[in-house]
>>> print(open('target-v7.txt').read())   # compact mmCIF, C-alpha atoms
# COMPACT_ATOMS: atom_id res chain seq x y z
CA MET A 1 196.33 -46.49 89.83
CA TYR A 2 198.83 -46.71 92.67
CA ILE A 3 197.14 -46.39 96.08
CA LYS A 4 199.73 -45.04 98.47
CA ASP A 5 197.50 -45.80 101.47
CA ALA A 6 197.69 -49.51 100.59
CA MET A 7 201.51 -49.59 100.57
CA GLU A 8 201.59 -47.59 103.80
CA ALA A 9 199.06 -49.90 105.47
CA ALA A 10 201.18 -52.89 104.44
CA ALA A 11 204.31 -51.23 105.85
CA LYS A 12 202.57 -50.27 109.10
CA GLN A 13 201.46 -53.84 109.68
CA ALA A 14 204.92 -55.19 108.78
CA LYS A 15 206.56 -52.80 111.24
CA GLN A 16 204.19 -53.86 114.00
CA THR A 17 204.51 -57.62 113.54
CA MET A 18 208.28 -57.39 113.03
CA ASN A 19 208.53 -55.65 116.40
CA GLU A 20 206.35 -58.32 117.98
CA ASN A 21 208.77 -60.96 116.60
CA LYS A 22 206.00 -62.49 114.53
CA GLY A 23 207.98 -62.57 111.29
CA GLY A 24 210.16 -60.73 108.79
CA PRO A 25 209.79 -57.06 107.82
CA PHE A 26 207.38 -57.62 104.96
CA GLY A 27 203.81 -56.46 104.45
CA ALA A 28 201.27 -56.73 101.66
CA ALA A 29 197.82 -55.44 100.79
CA VAL A 30 195.22 -56.50 98.26
CA VAL A 31 193.20 -53.73 96.61
CA LYS A 32 190.08 -53.93 94.47
CA ASP A 33 188.44 -50.97 92.74
CA GLY A 34 190.62 -48.59 94.72
CA LYS A 35 189.56 -50.08 98.04
CA ILE A 36 191.84 -52.00 100.42
CA ILE A 37 190.42 -55.52 100.83
CA ALA A 38 193.12 -57.14 102.97
CA VAL A 39 196.32 -56.15 104.74
CA ALA A 40 198.74 -58.76 106.07
CA SER A 41 202.35 -59.25 107.03
CA ASN A 42 204.88 -62.02 107.35
CA SER A 43 203.89 -64.36 110.19
CA VAL A 44 206.34 -67.23 109.64
CA LEU A 45 207.63 -67.14 113.21
CA CYS A 46 204.39 -66.77 115.15
CA ASP A 47 202.39 -69.12 112.95
CA LYS A 48 205.33 -71.53 112.61
CA ASP A 49 204.47 -71.70 108.93
CA PRO A 50 207.20 -71.23 106.32
CA THR A 51 204.56 -70.33 103.73
CA ALA A 52 203.13 -67.46 105.79
CA HIS A 53 204.78 -64.70 103.79
CA ALA A 54 203.05 -61.32 103.58
CA GLU A 55 201.74 -61.74 100.03
CA VAL A 56 200.46 -65.29 100.67
CA ASN A 57 198.75 -64.12 103.86
CA ALA A 58 197.20 -61.10 102.11
CA ILE A 59 195.92 -63.28 99.25
CA ARG A 60 194.43 -65.81 101.67
CA LEU A 61 192.77 -63.05 103.68
CA ALA A 62 191.41 -61.31 100.58
CA CYS A 63 190.01 -64.62 99.29
CA LYS A 64 188.30 -65.20 102.62
CA LYS A 65 186.82 -61.69 102.62
CA LEU A 66 185.64 -61.90 99.00
CA ASP A 67 184.64 -65.58 99.35
CA THR A 68 186.52 -66.71 96.26
CA TYR A 69 189.81 -68.26 95.17
CA ASP A 70 189.90 -65.89 92.18
CA LEU A 71 191.21 -62.36 92.79
CA LYS A 72 190.79 -61.27 89.17
CA GLY A 73 190.64 -57.47 89.00
CA CYS A 74 192.59 -57.05 92.24
CA GLU A 75 196.04 -55.51 92.64
CA ILE A 76 198.64 -56.39 95.22
CA TYR A 77 200.96 -54.04 97.10
CA ALA A 78 204.05 -55.58 98.64
CA THR A 79 206.69 -53.79 100.68
CA GLY A 80 209.30 -56.32 99.48
CA TYR A 81 209.89 -57.81 96.07
CA PRO A 82 207.92 -61.10 96.01
CA CYS A 83 209.90 -64.32 96.35
CA PRO A 84 209.06 -67.02 93.76
CA MET A 85 206.50 -68.55 96.13
CA CYS A 86 204.66 -65.26 96.53
CA LEU A 87 205.05 -64.32 92.89
CA SER A 88 203.44 -67.62 91.88
CA ALA A 89 200.70 -67.24 94.50
CA ILE A 90 199.91 -63.82 93.00
CA ILE A 91 199.68 -65.35 89.53
CA TRP A 92 197.60 -68.32 90.72
CA ALA A 93 195.22 -65.81 92.34
CA ASN A 94 194.81 -64.16 88.91
CA ILE A 95 196.20 -60.84 90.10
CA LYS A 96 197.81 -59.08 87.13
CA LYS A 97 199.30 -56.00 88.78
CA ALA A 98 201.81 -55.78 91.62
CA TYR A 99 203.29 -52.67 93.21
CA VAL A 100 206.52 -53.23 95.08
CA SER A 101 208.55 -50.95 97.33
CA GLY A 102 211.79 -52.83 98.06
CA ASN A 103 213.93 -54.85 95.73
CA ILE A 104 215.54 -58.25 96.26
CA GLU A 105 219.02 -56.84 96.86
CA ASP A 106 217.72 -54.77 99.79
CA ALA A 107 216.19 -57.86 101.41
CA GLU A 108 219.37 -59.86 100.77
CA SER A 109 221.40 -57.17 102.51
CA ILE A 110 219.55 -57.89 105.76
CA GLY A 111 219.93 -61.67 105.38
CA PHE A 112 216.86 -62.83 103.45
CA ARG A 113 217.60 -65.28 100.71
CA ASP A 114 214.89 -64.82 98.11
CA ASP A 115 217.33 -64.46 95.27
CA PHE A 116 218.87 -67.92 95.53
CA ILE A 117 215.49 -69.52 94.85
CA TYR A 118 215.10 -67.45 91.67
CA LYS A 119 218.62 -68.45 90.68
CA TYR A 120 217.88 -72.13 91.38
CA ILE A 121 214.82 -71.96 89.11
CA GLU A 122 216.54 -69.92 86.40
CA SER A 123 219.46 -72.34 86.27
CA GLY A 124 217.26 -75.36 85.66
CA LYS A 125 216.57 -76.58 89.21
CA LYS A 126 219.67 -78.75 89.19
CA ASP A 127 221.54 -77.67 92.33
CA LYS A 128 221.09 -80.61 94.67
CA ASN A 129 222.49 -78.61 97.58
CA ILE A 130 219.28 -76.58 97.42
CA LEU A 131 216.78 -79.27 96.46
CA SER A 132 217.09 -82.56 94.63
CA ILE A 133 214.05 -83.74 92.71
CA ASP A 134 213.73 -87.40 91.73
CA PHE A 135 211.01 -88.99 89.62
CA GLN A 136 209.45 -92.21 90.90
CA ASP A 137 206.43 -94.34 90.02
CA GLU A 138 205.10 -92.14 87.22
CA TYR A 139 202.02 -94.35 86.76
CA ILE A 140 200.65 -92.96 90.04
CA ALA A 141 200.31 -89.43 88.62
CA LYS A 142 199.20 -90.70 85.22
CA ALA A 143 196.32 -92.62 86.84
CA LEU A 144 195.22 -89.53 88.78
CA TYR A 145 195.38 -87.27 85.74
CA SER A 146 193.47 -89.75 83.57
CA GLU A 147 190.72 -90.05 86.13
CA TYR A 148 190.55 -86.26 86.43
CA ALA A 149 190.31 -85.81 82.67
CA GLU A 150 187.71 -88.55 82.28
CA LYS A 151 185.47 -87.02 84.90
CA ASN A 152 185.83 -83.50 83.49
CA LYS A 153 186.61 -81.99 86.84
CA THR A 154 186.70 -78.22 87.39
CA ILE A 155 190.00 -76.73 86.38
CA TYR A 156 190.66 -73.54 88.26
CA MET B 1 215.22 -93.69 100.67
CA TYR B 2 212.05 -93.59 98.64
CA ILE B 3 209.01 -94.57 100.73
CA LYS B 4 206.41 -95.93 98.34
CA ASP B 5 203.73 -95.82 101.03
CA ALA B 6 204.13 -92.03 101.21
CA MET B 7 203.57 -91.52 97.48
CA GLU B 8 200.62 -93.90 97.57
CA ALA B 9 199.08 -92.14 100.59
CA ALA B 10 199.43 -88.81 98.76
CA ALA B 11 197.76 -90.27 95.66
CA LYS B 12 194.95 -91.84 97.68
CA GLN B 13 194.14 -88.53 99.33
CA ALA B 14 194.33 -86.69 95.98
CA LYS B 15 191.95 -89.18 94.40
CA GLN B 16 189.47 -88.77 97.23
CA THR B 17 189.44 -84.97 97.35
CA MET B 18 189.40 -84.70 93.56
CA ASN B 19 186.27 -86.84 93.52
CA GLU B 20 184.73 -84.67 96.22
CA ASN B 21 185.42 -81.62 94.01
CA LYS B 22 187.69 -80.13 96.65
CA GLY B 23 190.56 -79.41 94.27
CA GLY B 24 192.90 -80.63 91.56
CA PRO B 25 194.33 -84.18 91.31
CA PHE B 26 197.44 -83.51 93.36
CA GLY B 27 198.62 -85.00 96.64
CA ALA B 28 201.72 -84.66 98.79
CA ALA B 29 203.22 -86.19 101.89
CA VAL B 30 206.00 -85.11 104.24
CA VAL B 31 208.24 -87.85 105.64
CA LYS B 32 210.79 -87.71 108.44
CA ASP B 33 213.08 -90.60 109.43
CA GLY B 34 211.08 -92.96 107.24
CA LYS B 35 207.79 -92.05 108.93
CA ILE B 36 204.90 -90.21 107.27
CA ILE B 37 204.31 -86.97 109.17
CA ALA B 38 201.62 -85.34 107.02
CA VAL B 39 199.50 -86.19 103.99
CA ALA B 40 197.54 -83.52 102.14
CA SER B 41 195.98 -82.76 98.79
CA ASN B 42 194.98 -79.77 96.72
CA SER B 43 192.05 -77.97 98.39
CA VAL B 44 191.89 -74.78 96.29
CA LEU B 45 188.21 -75.20 95.49
CA CYS B 46 186.83 -76.20 98.88
CA ASP B 47 189.03 -73.81 100.86
CA LYS B 48 188.63 -71.05 98.25
CA ASP B 49 192.37 -70.52 98.64
CA PRO B 50 194.59 -70.31 95.54
CA THR B 51 197.64 -71.16 97.68
CA ALA B 52 196.14 -74.43 98.95
CA HIS B 53 198.17 -76.69 96.68
CA ALA B 54 199.03 -80.19 97.92
CA GLU B 55 202.67 -79.46 98.77
CA VAL B 56 201.84 -76.19 100.58
CA ASN B 57 199.08 -77.95 102.53
CA ALA B 58 201.38 -80.86 103.42
CA ILE B 59 204.12 -78.48 104.58
CA ARG B 60 201.65 -76.49 106.71
CA LEU B 61 200.28 -79.66 108.26
CA ALA B 62 203.74 -81.12 108.93
CA CYS B 63 204.83 -77.84 110.56
CA LYS B 64 201.75 -77.90 112.76
CA LYS B 65 202.38 -81.52 113.77
CA LEU B 66 206.09 -80.98 114.45
CA ASP B 67 205.47 -77.50 115.98
CA THR B 68 208.11 -75.79 113.85
CA TYR B 69 208.50 -73.75 110.68
CA ASP B 70 211.69 -75.67 109.86
CA LEU B 71 211.30 -79.08 108.21
CA LYS B 72 215.05 -79.72 107.97
CA GLY B 73 215.66 -83.46 107.61
CA CYS B 74 212.23 -84.08 106.09
CA GLU B 75 211.50 -85.26 102.54
CA ILE B 76 208.47 -84.43 100.46
CA TYR B 77 206.55 -86.73 98.14
CA ALA B 78 204.39 -85.07 95.49
CA THR B 79 202.20 -86.79 92.95
CA GLY B 80 202.69 -83.85 90.57
CA TYR B 81 205.80 -81.86 89.70
CA PRO B 82 205.76 -78.85 92.07
CA CYS B 83 204.75 -75.49 90.60
CA PRO B 84 207.11 -72.60 91.43
CA MET B 85 204.99 -71.68 94.47
CA CYS B 86 205.25 -75.19 95.89
CA LEU B 87 208.89 -75.59 94.89
CA SER B 88 209.75 -72.40 96.76
CA ALA B 89 207.63 -73.42 99.75
CA ILE B 90 209.62 -76.68 99.89
CA ILE B 91 212.88 -74.74 99.84
CA TRP B 92 211.68 -72.21 102.44
CA ALA B 93 210.74 -75.17 104.65
CA ASN B 94 214.36 -76.38 104.38
CA ILE B 95 213.37 -79.65 102.74
CA LYS B 96 216.25 -80.81 100.53
CA LYS B 97 214.74 -83.88 98.88
CA ALA B 98 211.59 -84.19 96.77
CA TYR B 99 210.16 -87.29 95.13
CA VAL B 100 207.79 -86.62 92.27
CA SER B 101 205.53 -88.94 90.27
CA GLY B 102 204.10 -86.81 87.46
CA ASN B 103 205.84 -84.27 85.29
CA ILE B 104 204.69 -80.80 84.25
CA GLU B 105 203.73 -81.86 80.73
CA ASP B 106 201.29 -84.44 82.11
CA ALA B 107 199.58 -81.78 84.26
CA GLU B 108 199.49 -79.37 81.32
CA SER B 109 197.78 -82.01 79.22
CA ILE B 110 194.78 -81.95 81.58
CA GLY B 111 194.66 -78.14 81.65
CA PHE B 112 196.89 -77.10 84.54
CA ARG B 113 199.19 -74.23 83.79
CA ASP B 114 202.20 -74.64 86.01
CA ASP B 115 204.67 -74.35 83.19
CA PHE B 116 203.78 -70.81 82.16
CA ILE B 117 204.79 -69.52 85.60
CA TYR B 118 208.20 -71.21 85.28
CA LYS B 119 208.53 -69.68 81.82
CA TYR B 120 207.53 -66.23 83.13
CA ILE B 121 210.24 -66.44 85.80
CA GLU B 122 212.87 -67.90 83.47
CA SER B 123 212.29 -65.17 80.89
CA GLY B 124 212.87 -62.36 83.36
CA LYS B 125 209.34 -61.70 84.71
CA LYS B 126 208.65 -59.22 81.93
CA ASP B 127 205.41 -60.49 80.39
CA LYS B 128 202.85 -57.93 81.54
CA ASN B 129 200.01 -60.15 80.32
CA ILE B 130 200.88 -62.49 83.16
CA LEU B 131 201.91 -59.99 85.84
CA SER B 132 203.27 -56.48 85.72
CA ILE B 133 205.49 -55.41 88.60
CA ASP B 134 206.07 -51.70 89.26
CA PHE B 135 208.37 -50.19 91.86
CA GLN B 136 206.99 -47.36 94.00
CA ASP B 137 208.09 -45.49 97.13
CA GLU B 138 211.27 -47.44 97.77
CA TYR B 139 211.94 -45.54 101.02
CA ILE B 140 209.08 -47.52 102.62
CA ALA B 141 210.94 -50.82 102.29
CA LYS B 142 214.29 -49.25 103.09
CA ALA B 143 212.92 -47.90 106.39
CA LEU B 144 211.53 -51.34 107.32
CA TYR B 145 214.76 -53.14 106.44
CA SER B 146 216.89 -50.62 108.35
CA GLU B 147 214.75 -50.99 111.45
CA TYR B 148 214.92 -54.78 111.14
CA ALA B 149 218.71 -54.76 110.80
CA GLU B 150 219.17 -52.30 113.67
CA LYS B 151 217.10 -54.41 116.01
CA ASN B 152 218.84 -57.66 115.01
CA LYS B 153 215.60 -59.51 114.48
CA THR B 154 215.49 -63.27 113.94
CA ILE B 155 216.20 -64.22 110.38
CA TYR B 156 214.59 -67.51 109.56
>>> encode(input="target-v7.txt", output="structure tokens")
Amino acid sequence: MYIKDAMEAAAKQAKQTMNENKGGPFGAAVVKDGKIIAVASNSVLCDKDPTAHAEVNAIRLACKKLDTYDLKGCEIYATGYPCPMCLSAIIWANIKKAYVSGNIEDAESIGFRDDFIYKYIESGKKDKNILSIDFQDEYIAKALYSEYAEKNKTIY
Amino acid sequence: MYIKDAMEAAAKQAKQTMNENKGGPFGAAVVKDGKIIAVASNSVLCDKDPTAHAEVNAIRLACKKLDTYDLKGCEIYATGYPCPMCLSAIIWANIKKAYVSGNIEDAESIGFRDDFIYKYIESGKKDKNILSIDFQDEYIAKALYSEYAEKNKTIY
């Protein structure tokens, strides 16, 4: 069930931090059982952290409040369409339901560049002008993975 | 230029934190001008933070050390192939070069599920068993974006 209060709380926080020059105009809220657990907004500029997008911040805050890395059963409300980083963070957090207000085109129209990362991924991650990825010393990862498997470590 | 010391430092830290049950067997290092700026590993379990992957942690640490959200001119070394969250974080940080030891199939073979997020994105983000995304109240985002554009806020 869509909780309008959650989207509005996310927008209110985004509006405030945008006007304080803390980050972009994006907010997010995590809801569980109809109750708002965490509200956050983009804080890339003030935290000097390129990963401090609204959804990532809301997930981190919700995890802190619920004392878990697993937000199963939670929903996320985002004022903007999640970029691939945030989308993946939502999935890693085991959130299965996202409500979104804005779309990618709207964010692009004010200069944000979420879409080119989706396009880079969708086209096979080959555009070296965006990011070149080279494989080196594969035995290093293989040794780590073998040790992990042998010791039956917790897979989250 | 590939700096073997950086990959080995990332692997050493991953091995240590894996054995302390702090997180998965993944490490990363950020390098600038041939010098290692930050080394980090996956700390999802100990930090109870689903976003605390090695690359994200290394980027956050490098940004803190360099006092910036912009890692232009840096390279990243990752023992595992970056998941879409980490890949996007690397791109948002303006890092253009990644060196990777392990591939996705290797990580899948020990139970990590990075590939299904790439597949979800590549197939149009439609699989509701992974994440359903619904649009609601689009005027909320439009109002935020208009205000942002009118005030000529910093776009990072």
>>> interface_residues(input="target-v7.txt", of="chain A", to="chain B", cutoff="7 Å", atoms="only C-alpha atoms", output="PyMOL selection string")
chain A and resi 11+15+25+44+48-51+60+63+67-69+79-80+84-86+88-89+91-93+96-102+110-111+117+122+130-138+140-142+144-145+148-149+155
>>> atom_distance(input="target-v7.txt", atom1="CA of Asn42 (chain A)", atom2="CA of Lys72 (chain B)")
20.4 Å
>>> atom_distance(input="target-v7.txt", atom1="CA of Thr17 (chain B)", atom2="CA of Ala40 (chain B)")
9.5 Å
>>> closest_residue(input="target-v7.txt", among="B:Lys35, B:Ser43, B:Lys65, B:Ala29", to="Ala9 (chain B)", atoms="only C-alpha atoms")
B:Ala29
>>> decode(input="target-v7.txt", residues="region 93-130 of chain A", atoms="N, CA and C atoms", output="PDB file, in the first residue's frame")
ATOM      1  N   ALA A  93      19.527  -4.922  -0.276  1.00  0.00           N
ATOM      2  CA  ALA A  93      18.887  -4.792   1.046  1.00  0.00           C
ATOM      3  C   ALA A  93      17.653  -5.689   1.168  1.00  0.00           C
ATOM      4  N   ASN A  94      17.348  -6.414   0.084  1.00  0.00           N
ATOM      5  CA  ASN A  94      16.181  -7.311   0.055  1.00  0.00           C
ATOM      6  C   ASN A  94      14.843  -6.591   0.110  1.00  0.00           C
ATOM      7  N   ILE A  95      14.835  -5.356  -0.359  1.00  0.00           N
ATOM      8  CA  ILE A  95      13.579  -4.622  -0.527  1.00  0.00           C
ATOM      9  C   ILE A  95      13.000  -5.028  -1.885  1.00  0.00           C
ATOM     10  N   LYS A  96      11.716  -5.359  -1.901  1.00  0.00           N
ATOM     11  CA  LYS A  96      11.111  -5.879  -3.139  1.00  0.00           C
ATOM     12  C   LYS A  96      10.166  -4.884  -3.807  1.00  0.00           C
ATOM     13  N   LYS A  97       9.915  -3.760  -3.127  1.00  0.00           N
ATOM     14  CA  LYS A  97       8.896  -2.835  -3.634  1.00  0.00           C
ATOM     15  C   LYS A  97       9.408  -1.399  -3.547  1.00  0.00           C
ATOM     16  N   ALA A  98       9.432  -0.717  -4.667  1.00  0.00           N
ATOM     17  CA  ALA A  98       9.853   0.681  -4.690  1.00  0.00           C
ATOM     18  C   ALA A  98       8.744   1.545  -5.282  1.00  0.00           C
ATOM     19  N   TYR A  99       8.484   2.667  -4.640  1.00  0.00           N
ATOM     20  CA  TYR A  99       7.583   3.676  -5.199  1.00  0.00           C
ATOM     21  C   TYR A  99       8.428   4.880  -5.597  1.00  0.00           C
ATOM     22  N   VAL A 100       8.184   5.372  -6.791  1.00  0.00           N
ATOM     23  CA  VAL A 100       9.022   6.414  -7.364  1.00  0.00           C
ATOM     24  C   VAL A 100       8.140   7.548  -7.857  1.00  0.00           C
ATOM     25  N   SER A 101       8.574   8.790  -7.627  1.00  0.00           N
ATOM     26  CA  SER A 101       7.803   9.922  -8.134  1.00  0.00           C
ATOM     27  C   SER A 101       8.318  10.389  -9.500  1.00  0.00           C
ATOM     28  N   GLY A 102       9.597  10.733  -9.588  1.00  0.00           N
ATOM     29  CA  GLY A 102      10.125  11.259 -10.855  1.00  0.00           C
ATOM     30  C   GLY A 102      10.705  10.170 -11.723  1.00  0.00           C
ATOM     31  N   ASN A 103      10.806  10.451 -12.996  1.00  0.00           N
ATOM     32  CA  ASN A 103      11.468   9.495 -13.877  1.00  0.00           C
ATOM     33  C   ASN A 103      12.864  10.000 -14.269  1.00  0.00           C
ATOM     34  N   ILE A 104      13.608   9.145 -14.952  1.00  0.00           N
ATOM     35  CA  ILE A 104      14.995   9.469 -15.290  1.00  0.00           C
ATOM     36  C   ILE A 104      15.080  10.683 -16.207  1.00  0.00           C
ATOM     37  N   GLU A 105      14.159  10.784 -17.159  1.00  0.00           N
ATOM     38  CA  GLU A 105      14.195  11.889 -18.112  1.00  0.00           C
ATOM     39  C   GLU A 105      14.078  13.236 -17.388  1.00  0.00           C
ATOM     40  N   ASP A 106      13.224  13.284 -16.355  1.00  0.00           N
ATOM     41  CA  ASP A 106      13.079  14.532 -15.594  1.00  0.00           C
ATOM     42  C   ASP A 106      14.408  14.922 -14.945  1.00  0.00           C
ATOM     43  N   ALA A 107      15.090  13.942 -14.361  1.00  0.00           N
ATOM     44  CA  ALA A 107      16.366  14.229 -13.693  1.00  0.00           C
ATOM     45  C   ALA A 107      17.431  14.630 -14.725  1.00  0.00           C
ATOM     46  N   GLU A 108      17.397  13.973 -15.877  1.00  0.00           N
ATOM     47  CA  GLU A 108      18.342  14.333 -16.942  1.00  0.00           C
ATOM     48  C   GLU A 108      18.133  15.775 -17.383  1.00  0.00           C
ATOM     49  N   SER A 109      16.874  16.204 -17.392  1.00  0.00           N
ATOM     50  CA  SER A 109      16.569  17.549 -17.901  1.00  0.00           C
ATOM     51  C   SER A 109      17.143  18.643 -17.001  1.00  0.00           C
ATOM     52  N   ILE A 110      17.469  18.297 -15.745  1.00  0.00           N
ATOM     53  CA  ILE A 110      18.130  19.289 -14.894  1.00  0.00           C
ATOM     54  C   ILE A 110      19.619  18.941 -14.710  1.00  0.00           C
ATOM     55  N   GLY A 111      20.149  18.068 -15.545  1.00  0.00           N
ATOM     56  CA  GLY A 111      21.595  17.866 -15.598  1.00  0.00           C
ATOM     57  C   GLY A 111      22.128  16.613 -14.925  1.00  0.00           C
ATOM     58  N   PHE A 112      21.264  15.807 -14.315  1.00  0.00           N
ATOM     59  CA  PHE A 112      21.767  14.579 -13.701  1.00  0.00           C
ATOM     60  C   PHE A 112      21.862  13.483 -14.756  1.00  0.00           C
ATOM     61  N   ARG A 113      22.834  12.592 -14.539  1.00  0.00           N
ATOM     62  CA  ARG A 113      23.254  11.740 -15.657  1.00  0.00           C
ATOM     63  C   ARG A 113      23.072  10.260 -15.359  1.00  0.00           C
ATOM     64  N   ASP A 114      21.964   9.958 -14.638  1.00  0.00           N
ATOM     65  CA  ASP A 114      21.721   8.570 -14.275  1.00  0.00           C
ATOM     66  C   ASP A 114      21.640   7.660 -15.489  1.00  0.00           C
ATOM     67  N   ASP A 115      21.025   8.168 -16.541  1.00  0.00           N
ATOM     68  CA  ASP A 115      20.697   7.298 -17.656  1.00  0.00           C
ATOM     69  C   ASP A 115      21.930   6.734 -18.350  1.00  0.00           C
ATOM     70  N   PHE A 116      23.010   7.492 -18.381  1.00  0.00           N
ATOM     71  CA  PHE A 116      24.176   7.001 -19.127  1.00  0.00           C
ATOM     72  C   PHE A 116      24.808   5.799 -18.431  1.00  0.00           C
ATOM     73  N   ILE A 117      24.604   5.678 -17.131  1.00  0.00           N
ATOM     74  CA  ILE A 117      25.141   4.488 -16.443  1.00  0.00           C
ATOM     75  C   ILE A 117      24.292   3.260 -16.804  1.00  0.00           C
ATOM     76  N   TYR A 118      22.968   3.442 -16.843  1.00  0.00           N
ATOM     77  CA  TYR A 118      22.122   2.330 -17.315  1.00  0.00           C
ATOM     78  C   TYR A 118      22.521   1.918 -18.736  1.00  0.00           C
ATOM     79  N   LYS A 119      22.742   2.922 -19.579  1.00  0.00           N
ATOM     80  CA  LYS A 119      23.084   2.614 -20.979  1.00  0.00           C
ATOM     81  C   LYS A 119      24.433   1.898 -21.075  1.00  0.00           C
ATOM     82  N   TYR A 120      25.379   2.323 -20.241  1.00  0.00           N
ATOM     83  CA  TYR A 120      26.704   1.674 -20.210  1.00  0.00           C
ATOM     84  C   TYR A 120      26.548   0.197 -19.843  1.00  0.00           C
ATOM     85  N   ILE A 121      25.729  -0.072 -18.820  1.00  0.00           N
ATOM     86  CA  ILE A 121      25.509  -1.456 -18.388  1.00  0.00           C
ATOM     87  C   ILE A 121      24.787  -2.244 -19.477  1.00  0.00           C
ATOM     88  N   GLU A 122      23.705  -1.651 -19.993  1.00  0.00           N
ATOM     89  CA  GLU A 122      22.878  -2.358 -20.978  1.00  0.00           C
ATOM     90  C   GLU A 122      23.637  -2.648 -22.276  1.00  0.00           C
ATOM     91  N   SER A 123      24.655  -1.840 -22.557  1.00  0.00           N
ATOM     92  CA  SER A 123      25.391  -2.069 -23.807  1.00  0.00           C
ATOM     93  C   SER A 123      26.678  -2.864 -23.577  1.00  0.00           C
ATOM     94  N   GLY A 124      26.747  -3.547 -22.442  1.00  0.00           N
ATOM     95  CA  GLY A 124      27.827  -4.508 -22.234  1.00  0.00           C
ATOM     96  C   GLY A 124      29.068  -3.978 -21.536  1.00  0.00           C
ATOM     97  N   LYS A 125      28.963  -2.778 -20.964  1.00  0.00           N
ATOM     98  CA  LYS A 125      30.060  -2.199 -20.172  1.00  0.00           C
ATOM     99  C   LYS A 125      31.359  -2.117 -20.979  1.00  0.00           C
ATOM    100  N   LYS A 126      31.221  -1.676 -22.218  1.00  0.00           N
ATOM    101  CA  LYS A 126      32.391  -1.656 -23.107  1.00  0.00           C
ATOM    102  C   LYS A 126      32.933  -0.262 -23.386  1.00  0.00           C
ATOM    103  N   ASP A 127      32.155   0.776 -23.054  1.00  0.00           N
ATOM    104  CA  ASP A 127      32.567   2.135 -23.414  1.00  0.00           C
ATOM    105  C   ASP A 127      33.683   2.619 -22.478  1.00  0.00           C
ATOM    106  N   LYS A 128      34.897   2.612 -23.002  1.00  0.00           N
ATOM    107  CA  LYS A 128      36.059   2.950 -22.177  1.00  0.00           C
ATOM    108  C   LYS A 128      36.114   4.432 -21.819  1.00  0.00           C
ATOM    109  N   ASN A 129      35.320   5.251 -22.508  1.00  0.00           N
ATOM    110  CA  ASN A 129      35.246   6.659 -22.105  1.00  0.00           C
ATOM    111  C   ASN A 129      34.525   6.812 -20.775  1.00  0.00           C
ATOM    112  N   ILE A 130      33.682   5.844 -20.455  1.00  0.00           N
ATOM    113  CA  ILE A 130      32.984   5.879 -19.163  1.00  0.00           C
ATOM    114  C   ILE A 130      33.821   5.146 -18.121  1.00  0.00           C
TER     115      ILE A 130
END
